[in-house]
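Written below as structure tokens is the structure these notes are about.
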Amino acid sequence: MLHIFLEQLFEFAAKTIPEEQILAAKQTYQMETGTLYEDDKSYNSRMALFLEWYLFNNCDPKSSKTVLEVLLENKTEECNSEKLTFYKSISESIQSLFFIQKVNDDSVKAINLFTDEIYLAQEKDSRLIFRKNDIFEGRIINFQKYFHFTGNFCFHPEKTHKYIKSEIKIITNFLSQQKKDLTRTEKILLKAKTKLKRYELNIEKLNEKLNNKNSENKIAKLKQKLKLLVEEKGTQISSIQELVNKVSFIKNDTIKNGGNKQINALINSLAYKNLKWERSRQIDISDIYKN
């Protein structure tokens with residue numbers, strides 16, 4: 001059922017999206033993953049990986065949304081409810097480098113090497129496709145309450161695993177530092193909001209005192225205090241807004257978008273190295289999988 005839906009999605013996209021847009025995206029993709037030829041052994045699987053990347057990772061030039069998200073917004077009436085539910089669920093798919101921890105008869109336990117999240121993915125041909133300790137590029141989705149791989153993979157030889165893990169570590173260390181910065185900024189933001197509440201409470205108390213005072217001298221002093229507090233409150237509000245913007249930037253631009261770009265760049269770079277190895281068996285693999 002899953003693979004049928006995926007094939008229908010690819011067909012739907014091919015009929016709906018102008019051919020020149022897909023060809024332009026293919027050129028961009030192959031600049032990072034290598035130019036494909038029909039006599040390449042992995043031609044079909046790599047073309048499928050390209051279509052997945054194009055729909056699920058590639059952003060529409062006119063918006064920050066993926067091509068699939070834009071497609072679903074504009075062509076909703078052309079899909080029945082079952083297909084629409086599936087297409088929306090798959091738009092939240094996870095592309096990553098995975099490590100196979102365990103292979104069962106009809107499932108595999110896989111670890112996302114960028115997040116350490118563990119997935120039990122349903123796969124009836126698991127023993128034919130996977131081996132324990134495999135590292136591969138793949139895409140996992142939540143379909144009908146279970147996790148599944150889309151069936152399109154790029155497996156990397158065991159001799160390359162040390163190199164791949166070292167490259168992954170560079171990205172995870174960067175993201176870990178950014179998450180620490182995010183936590184630190186969120187704590188500062190929380191303290192700033194607490195301080196703002198104190199200003200608001202003190203302003204409220206001063207206003208109450210003003211309403212109960214008759215002495216012009218005392219009223220003048222209270223108004224002066226009130227003016228200073230209102231100014232400090234305004235400064236605090238500005239500081240909070242700056243912190244809110246900083247939190248949003250770290251969370252969305254640096255961690256989410258920036259992290260995804262780094263992950264995607266590594267995945268594509270490894271796919272290119274894998275394609276070179278596929279075509280050049282006489283070259284030692286360590287001379288290909290390197291910086």
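Going through the structure tokens in order, the chains are called A, B, and so on, while each chain numbers its residues from 1 and the ligands are numbered from 1 in the order shown.
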Mind checking which residues fall within 7 Å of segment 199-212 of chain A, counting only C-alpha atoms, ignoring those fewer than 5 positions away in the same chain, and posting them as a CSV table (one decimal) with N, CA and C atoms, in the first residue's frame?
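To be explicit, this is the file written out as selection00.csv:
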```
chain,number,residue,atom,x,y,z
A,219,ILE,N,2.6,63.5,45.2
A,219,ILE,CA,2.1,63.1,43.9
A,219,ILE,C,3.2,63.3,42.9
A,222,LEU,N,5.8,60.6,43.2
A,222,LEU,CA,5.3,59.3,42.7
A,222,LEU,C,5.3,59.3,41.2
A,226,LEU,N,7.1,56.8,38.7
A,226,LEU,CA,6.3,56.1,37.7
A,226,LEU,C,6.9,56.3,36.3
A,229,LEU,N,9.9,54.1,35.9
A,229,LEU,CA,9.5,52.7,35.8
A,229,LEU,C,8.9,52.4,34.5
A,233,LYS,N,10.4,49.8,31.9
A,233,LYS,CA,9.5,48.7,31.4
A,233,LYS,C,9.6,48.7,29.9
```
**Request:** If you run DSSP over the backbone, which residues in segment 51-230 of chain A end up strand (DSSP E or B)? Put them as a PyMOL selection string.
**Result:** chain A and resi 59+66+94-103+107-112+118-122+135-143+146-149+154-156
Write a file of the selected residues as a PDB file, in the first residue's frame, keeping C-alpha atoms.
```
ATOM      1  CA  CYS A  59      11.880  24.488  -1.237  1.00  0.00           C
ATOM      2  CA  THR A  66       8.657  22.413   0.251  1.00  0.00           C
ATOM      3  CA  ILE A  94      12.728  12.093   7.954  1.00  0.00           C
ATOM      4  CA  GLN A  95      15.672  11.806   5.583  1.00  0.00           C
ATOM      5  CA  SER A  96      18.877  10.803   7.323  1.00  0.00           C
ATOM      6  CA  LEU A  97      21.784   8.422   7.602  1.00  0.00           C
ATOM      7  CA  PHE A  98      20.652   5.360   9.521  1.00  0.00           C
ATOM      8  CA  PHE A  99      22.455   2.550  11.316  1.00  0.00           C
ATOM      9  CA  ILE A 100      20.848  -0.887  11.481  1.00  0.00           C
ATOM     10  CA  GLN A 101      20.951  -2.163  15.030  1.00  0.00           C
ATOM     11  CA  LYS A 102      18.825  -5.287  14.568  1.00  0.00           C
ATOM     12  CA  VAL A 103      17.186  -7.151  11.691  1.00  0.00           C
ATOM     13  CA  SER A 107      11.087  -5.250  10.720  1.00  0.00           C
ATOM     14  CA  VAL A 108      14.381  -3.525  11.460  1.00  0.00           C
ATOM     15  CA  LYS A 109      15.591  -1.439  14.381  1.00  0.00           C
ATOM     16  CA  ALA A 110      17.334   1.599  12.920  1.00  0.00           C
ATOM     17  CA  ILE A 111      19.098   4.533  14.595  1.00  0.00           C
ATOM     18  CA  ASN A 112      19.080   8.041  13.139  1.00  0.00           C
ATOM     19  CA  ILE A 118      15.568   4.717  17.399  1.00  0.00           C
ATOM     20  CA  TYR A 119      12.882   3.541  14.957  1.00  0.00           C
ATOM     21  CA  LEU A 120      11.305   0.119  14.581  1.00  0.00           C
ATOM     22  CA  ALA A 121      10.523   0.164  10.864  1.00  0.00           C
ATOM     23  CA  GLN A 122       8.192  -2.382   9.273  1.00  0.00           C
ATOM     24  CA  ILE A 135      24.876   2.509   7.341  1.00  0.00           C
ATOM     25  CA  PHE A 136      22.746   3.978   4.588  1.00  0.00           C
ATOM     26  CA  GLU A 137      20.872   6.994   3.321  1.00  0.00           C
ATOM     27  CA  GLY A 138      17.131   6.507   3.635  1.00  0.00           C
ATOM     28  CA  ARG A 139      13.828   8.186   4.333  1.00  0.00           C
ATOM     29  CA  ILE A 140      11.446   7.048   7.055  1.00  0.00           C
ATOM     30  CA  ILE A 141       7.769   7.958   7.410  1.00  0.00           C
ATOM     31  CA  ASN A 142       4.949   7.283   9.834  1.00  0.00           C
ATOM     32  CA  PHE A 143       2.279   5.480   7.815  1.00  0.00           C
ATOM     33  CA  TYR A 146       3.889   2.384  11.942  1.00  0.00           C
ATOM     34  CA  PHE A 147       7.263   3.552  10.711  1.00  0.00           C
ATOM     35  CA  HIS A 148       8.324   2.502   7.211  1.00  0.00           C
ATOM     36  CA  PHE A 149      11.241   3.229   4.930  1.00  0.00           C
ATOM     37  CA  CYS A 154      22.070   4.384  -0.729  1.00  0.00           C
ATOM     38  CA  PHE A 155      24.165   1.893   1.270  1.00  0.00           C
ATOM     39  CA  HIS A 156      27.714   2.793   2.240  1.00  0.00           C
TER      40      HIS A 156
END
```
**Asked** Near Thr254 of chain A, counting only C-alpha atoms, which residues have an atom at most 10 Å away, once you skip same-chain residues fewer than 4 positions from it, shown as a PyMOL selection string?
**Response** chain A and resi 174-175+178-179+182+247-250+258-261
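Distances from A:Leu228, A:Ile288, A:Leu189, A:Ile255 to Gln241 of chain A were compared using only C-alpha atoms, and the smallest one belongs to A:Leu189.
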**Asked** If we count only C-alpha atoms, what is near segment 43-46 of chain A at a cut-off of 10 Å, once residues fewer than 3 positions away on the same chain are taken out, given as a count of residues only?
**Response** 16
**Asked** Between atom CA of Ser126 of chain A and atom CA of Leu2 of chain A, what is the distance, to one decimal in Å?
**Response**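 Distance between the two atoms: 15.5 Å.
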**Prompt:** Closest to Ile171 of chain A among A:Leu55, A:Leu270, A:Ile263, A:Ala13, using only C-alpha atoms?
**Reply:**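 Smallest distance to Ile171 of chain A is found for A:Ile263.
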**Request:** Using backbone DSSP assignments, extract all alpha helix (DSSP H) residues from segment 40-140 of chain A; output them as an MDAnalysis selection string.
**Result:** chainID A and resid 43:56 67:74 81:90 126:129
**Item:** Best match for closeness to Ile240 of chain A among A:Arg131, A:Lys193, A:Lys26, A:Lys223, counting only C-alpha atoms
**Value:**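 Closest to Ile240 of chain A of all the choices is A:Lys193.
Our summary of the geometry notes that atom CA of Ser176 of chain A is positioned 23.0 Å from atom CA of Lys191 of chain A.
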**Residue with smallest distance to Arg198 of chain A - pool A:Asn252, A:Glu167, A:Val230, A:Lys145, counting only C-alpha atoms** =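 Checking each of A:Asn252, A:Glu167, A:Val230, A:Lys145 against Arg198 of chain A, counting only C-alpha atoms, the winner is A:Val230.
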**Message:** Which residues are near Ala25 of chain A? Cut-off 12 Å, only C-alpha atoms, ignore same chain within fewer than 6 positions. Put them as a ChimeraX atom specification.
**Reply:** /A:17-19,31-32,50-55,57-61,67
Include C-alpha atoms and write out the residues we just selected as an mmCIF file, in the first residue's frame.
```cif
data_model
loop_
_atom_site.group_PDB
_atom_site.id
_atom_site.type_symbol
_atom_site.label_atom_id
_atom_site.label_comp_id
_atom_site.auth_asym_id
_atom_site.auth_seq_id
_atom_site.Cartn_x
_atom_site.Cartn_y
_atom_site.Cartn_z
ATOM 1 C CA ILE A 17 4.705 20.321 -12.057
ATOM 2 C CA PRO A 18 6.164 21.819 -15.261
ATOM 3 C CA GLU A 19 8.854 19.567 -16.720
ATOM 4 C CA MET A 31 25.711 18.973 -8.879
ATOM 5 C CA GLU A 32 25.956 17.576 -5.334
ATOM 6 C CA PHE A 50 16.088 12.550 -6.386
ATOM 7 C CA LEU A 51 12.278 12.635 -6.655
ATOM 8 C CA GLU A 52 12.006 12.268 -2.875
ATOM 9 C CA TRP A 53 14.523 15.085 -2.365
ATOM 10 C CA TYR A 54 12.712 17.271 -4.873
ATOM 11 C CA LEU A 55 9.315 16.862 -3.221
ATOM 12 C CA ASN A 57 13.457 18.661 0.852
ATOM 13 C CA ASN A 58 13.583 21.167 -1.976
ATOM 14 C CA CYS A 59 11.880 24.488 -1.237
ATOM 15 C CA ASP A 60 9.669 26.243 -3.728
ATOM 16 C CA PRO A 61 11.568 29.338 -5.021
ATOM 17 C CA VAL A 67 7.464 21.577 -3.254
#
```
